[in-house]
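**Student:** Questions regarding the structure given below will be posed in turn.
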Amino acid sequence: MRAVVLIPARYSSSRYPGKPLVSLLGKPMVLWVAELSARAVGASNVYVATEDQRIADVVSKAGFNAVMTTDRCLTGTDRLAEAALQIEADIYINVQGDEPLVNPEDIRKAIEAKQQNMEAVINGFSWISEHEDPDSVNIPKVITTEKNTLVYMSRKVLPGFKDAKCAPKRFKKQVCIYAFTAEELAVFKAFGRKSELEFSEDIEILRFLELNKTIRMYETRPGSLAVDVPDDVAPVEAALKRLHGL
């Protein structure tokens with residue numbers, strides 16, 4: 001079974017225009033993600049899906065595959081659905097272009113989880129650390145069954161509790177590594193719009209709940225940091241220095 005990594009990289013981000021090309025320790029962020037993805041699946045199986053030629057040029061010059069998509073994609077998953085039409089594979093792994101600390105082993109775990117559950121969408125989670133704020137709307141909180149099937153995902157702190165003694169001891173957060181088949185991506189895009197919950201929460205995987213699709217969550221290592229806004233650059237660079245001994 002061929003597994004490929006697709007990295008959605010949109011230049012015209014509303015919160016952070018040009019984000020995929022932001023410099024982290026002198027290297028464009030999208031290349032950090034592509035290089036780490038290549039450790040999991042090999043450089044020939046890494047594709048960057050973008051609507052912008054500037055990103056495509058940087059990616060191609062570095063030896064990775066660039067796939068041009070339209071600028072009308074509602075979400076990164078819709079962009080992947082467009083890109084998948086140009087790439088033949090059995091499993092498509094979505095690794096977000098703003099996750100320069102992604103662990104290659106977690107990508108391989110996503111592939112393994114998908115191989116064992118081809119009928120389900122796969123998504124990663126980790127436990128929110130003591131250094132993170134569960135109240136932050138930038139951290140999607142994950143509620144699963146005890147067998148790690150997704151129940152819901154929210155930017156609010158969930159699960160809730162009536163009595164303080166019943167409060168959860170820790171919370172799960174989404175890690176943006178996903179595994180899909182071509183059919184799952186096509187059905188997602190064919191929905192044609194953001195679902196009501198997806199629009200409200202701004203969490204695209206919620207669209208699959210409207211499609212009655214099972215979403216199986218698997219645990220990744222903790223410590224993943226994303227670049228959502230300019231203020232995230234400094235802590236991510238500090239983490240990169242620690243990780244690479246710089």
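By convention here, the chains of the structure tokens are called A, B, ... in the order presented, each chain's residues are numbered starting at 1, and ligands are numbered starting at 1 in the order presented.
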Please produce, as a tab-separated table, a per-residue contact table for region 49-134 of chain A versus region 9-27 of chain A (criterion: any atom at most 12 Å away, only C-alpha atoms considered), showing the nearest atom pair and its distance in Å to one decimal, sorted by chain then residue number.

**Tutor:**
```
residue	atom	partner	partner_atom	distance
A:Ala49	CA	A:Ala9	CA	5.9
A:Thr50	CA	A:Ala9	CA	5.0
A:Glu51	CA	A:Arg10	CA	6.3
A:Asp52	CA	A:Tyr11	CA	6.2
A:Gln53	CA	A:Tyr11	CA	9.3
A:Arg54	CA	A:Tyr11	CA	8.4
A:Ile55	CA	A:Leu21	CA	6.9
A:Ala56	CA	A:Ala9	CA	9.3
A:Asp57	CA	A:Leu21	CA	11.0
A:Val58	CA	A:Leu21	CA	8.4
A:Val59	CA	A:Leu21	CA	9.9
A:Ala62	CA	A:Lys27	CA	10.8
A:Ala66	CA	A:Ala9	CA	10.0
A:Val67	CA	A:Ala9	CA	10.1
A:Met68	CA	A:Ala9	CA	10.2
A:Thr69	CA	A:Arg10	CA	9.7
A:Thr70	CA	A:Arg10	CA	10.2
A:Asp71	CA	A:Arg10	CA	8.5
A:Arg72	CA	A:Arg10	CA	10.8
A:Cys73	CA	A:Arg10	CA	9.6
A:Leu74	CA	A:Arg10	CA	11.0
A:Thr75	CA	A:Arg10	CA	9.6
A:Gly76	CA	A:Ala9	CA	7.9
A:Thr77	CA	A:Ala9	CA	11.0
A:Asp78	CA	A:Arg10	CA	11.8
A:Arg79	CA	A:Ala9	CA	9.0
A:Leu80	CA	A:Ala9	CA	10.0
A:Ala83	CA	A:Ala9	CA	11.6
A:Asn94	CA	A:Ala9	CA	11.0
A:Val95	CA	A:Ala9	CA	10.0
A:Gln96	CA	A:Ala9	CA	7.8
A:Gly97	CA	A:Ala9	CA	5.6
A:Asp98	CA	A:Pro20	CA	6.7
A:Glu99	CA	A:Pro20	CA	10.0
A:Pro100	CA	A:Leu24	CA	8.8
A:Leu101	CA	A:Leu24	CA	11.2
```

**Student:** Extract, using only C-alpha atoms, all DNA, RNA and protein residues at most 10 Å from Arg2 (chain A), discarding same-chain residues fewer than 4 positions from it, and format them as a short mmCIF file (atom, residue, chain, number, x, y, z; two decimals) with C-alpha atoms, in the first residue's frame.

**Tutor:**
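Okay, selection-v7.cif is ready:
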```cif
data_model
loop_
_atom_site.label_atom_id
_atom_site.label_comp_id
_atom_site.auth_asym_id
_atom_site.auth_seq_id
_atom_site.Cartn_x
_atom_site.Cartn_y
_atom_site.Cartn_z
CA VAL A 41 7.82 8.17 4.02
CA ASN A 45 6.29 10.55 -1.21
CA GLU A 88 -2.20 7.90 -6.87
CA ALA A 89 -1.93 6.39 -3.40
CA ASP A 90 -3.79 4.12 -0.98
CA ILE A 91 -3.33 6.31 2.10
CA TYR A 92 -3.04 10.10 2.23
CA ILE A 111 -0.10 5.04 8.59
#
```

**Student:** In Å, rounded to a single decimal, give me how far CA of Ile205 (chain A) is from CA of Ala113 (chain A).

**Tutor:**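 Going from CA of Ala113 (chain A) over to CA of Ile205 (chain A) covers 17.1 Å.
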
**Student:** At what distance in Å, to one decimal, does CA of Met1 (chain A) lie from CA of Lys109 (chain A)?

**Tutor:**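 So the answer is 14.8 Å.
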
**Student:** Identify all residues of region 44-200 of chain A in strand (DSSP E) (DSSP on the backbone) and supply them as a VMD selection string.

**Tutor:** chain A and resid 46 to 50 65 to 68 91 to 95 121 to 127 141 to 144 150 to 154 172 to 180

**Student:** Name the residues in contact with region 207-211 of chain A at a cut-off of 6 Å, using only C-alpha atoms, excluding same-chain residues fewer than 3 positions from it; report them as an mmCIF file with all heavy atoms, in the first residue's frame.

**Tutor:**
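Produced file result25.cif, reproduced below:
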```
data_model
loop_
_atom_site.group_PDB
_atom_site.id
_atom_site.type_symbol
_atom_site.label_atom_id
_atom_site.label_comp_id
_atom_site.auth_asym_id
_atom_site.auth_seq_id
_atom_site.Cartn_x
_atom_site.Cartn_y
_atom_site.Cartn_z
ATOM 1 N N SER A 195 -19.838 22.364 7.532
ATOM 2 C CA SER A 195 -20.996 22.001 8.342
ATOM 3 C C SER A 195 -21.192 23.064 9.418
ATOM 4 O O SER A 195 -20.291 23.877 9.693
ATOM 5 C CB SER A 195 -20.793 20.628 8.992
ATOM 6 O OG SER A 195 -19.804 20.702 10.014
ATOM 7 N N GLU A 198 -18.648 22.620 12.195
ATOM 8 C CA GLU A 198 -17.332 22.950 11.644
ATOM 9 C C GLU A 198 -17.153 24.464 11.541
ATOM 10 O O GLU A 198 -16.098 25.011 11.906
ATOM 11 C CB GLU A 198 -17.194 22.308 10.263
ATOM 12 C CG GLU A 198 -15.922 22.667 9.510
ATOM 13 C CD GLU A 198 -15.968 22.207 8.057
ATOM 14 O OE1 GLU A 198 -17.018 21.704 7.604
ATOM 15 O OE2 GLU A 198 -14.939 22.366 7.373
ATOM 16 N N GLU A 204 -12.141 21.554 11.048
ATOM 17 C CA GLU A 204 -12.685 20.954 9.834
ATOM 18 C C GLU A 204 -13.026 19.476 9.951
ATOM 19 O O GLU A 204 -13.925 18.985 9.256
ATOM 20 C CB GLU A 204 -11.727 21.184 8.662
ATOM 21 C CG GLU A 204 -10.331 20.627 8.844
ATOM 22 C CD GLU A 204 -9.297 21.387 8.018
ATOM 23 O OE1 GLU A 204 -9.026 22.577 8.324
ATOM 24 O OE2 GLU A 204 -8.764 20.787 7.069
#
```

**Student:** Please determine, counting only C-alpha atoms, which residue among A:Glu119, A:Val102, A:Lys173, A:Phe191 has the shortest atom-to-atom distance to Asp133 (chain A).

**Tutor:**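 The answer is A:Lys173, which sits nearest to Asp133 (chain A).
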
**Student:** Go through A:Leu150, A:Leu158, A:Val121, A:Val4 and flag the residue nearest Pro134 (chain A), using only C-alpha atoms for the distances.

**Tutor:**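 Once distances to Pro134 (chain A) are computed over only C-alpha atoms, the minimum belongs to A:Leu158.
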
**Student:** Region 42-180 of chain A: which residues are alpha helix (DSSP H) by DSSP, as number ranges by chain?

**Tutor:** A: 53-61, 76-84, 104-116

**Student:** My list of candidates is A:Glu196, A:His244, A:Val33, A:Lys213. Which is closest to Ala226 (chain A) when distances are computed with only C-alpha atoms?

**Tutor:**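 Selected residue with least distance to Ala226 (chain A): A:Val33.
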
**Student:** Find the distance between CA of Phe171 (chain A) and CA of Ile128 (chain A) and write it in Å to one decimal.

**Tutor:**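 Answer for the CA of Phe171 (chain A) to CA of Ile128 (chain A) separation: 5.6 Å.
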
**Student:** Tell me which of A:Glu219, A:Val157, A:Leu243, A:Arg193 sits closest to Glu105 (chain A), counting only C-alpha atoms.

**Tutor:**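 That would be A:Glu219, the residue with the smallest distance to Glu105 (chain A).
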
**Student:** Find the spatial neighbours of Val46 (chain A), counting only C-alpha atoms, within a cut-off of 9 Å - ignore same-chain residues fewer than 5 positions away - and output them as a PyMOL selection string.

**Tutor:** chain A and resi 4-7+34-35+37-38+41+64-66

**Student:** Those residues you just picked out, can you put them in a file as a PDB file, in the first residue's frame with C-alpha atoms?

**Tutor:**
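Final output, again.pdb:
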```
ATOM      1  CA  VAL A   4       2.015   9.671   0.866  1.00  0.00           C
ATOM      2  CA  VAL A   5       2.204  12.805   2.973  1.00  0.00           C
ATOM      3  CA  LEU A   6       0.239  15.814   1.752  1.00  0.00           C
ATOM      4  CA  ILE A   7       1.095  19.152   3.364  1.00  0.00           C
ATOM      5  CA  ALA A  34       8.579  18.483   4.520  1.00  0.00           C
ATOM      6  CA  GLU A  35      11.972  17.290   5.753  1.00  0.00           C
ATOM      7  CA  SER A  37       7.765  14.058   6.757  1.00  0.00           C
ATOM      8  CA  ALA A  38      10.420  12.677   4.419  1.00  0.00           C
ATOM      9  CA  VAL A  41       7.822   8.175   4.020  1.00  0.00           C
ATOM     10  CA  PHE A  64      10.053  18.077  -2.855  1.00  0.00           C
ATOM     11  CA  ASN A  65       6.881  17.694  -4.912  1.00  0.00           C
ATOM     12  CA  ALA A  66       4.582  20.703  -5.276  1.00  0.00           C
TER      13      ALA A  66
END
```
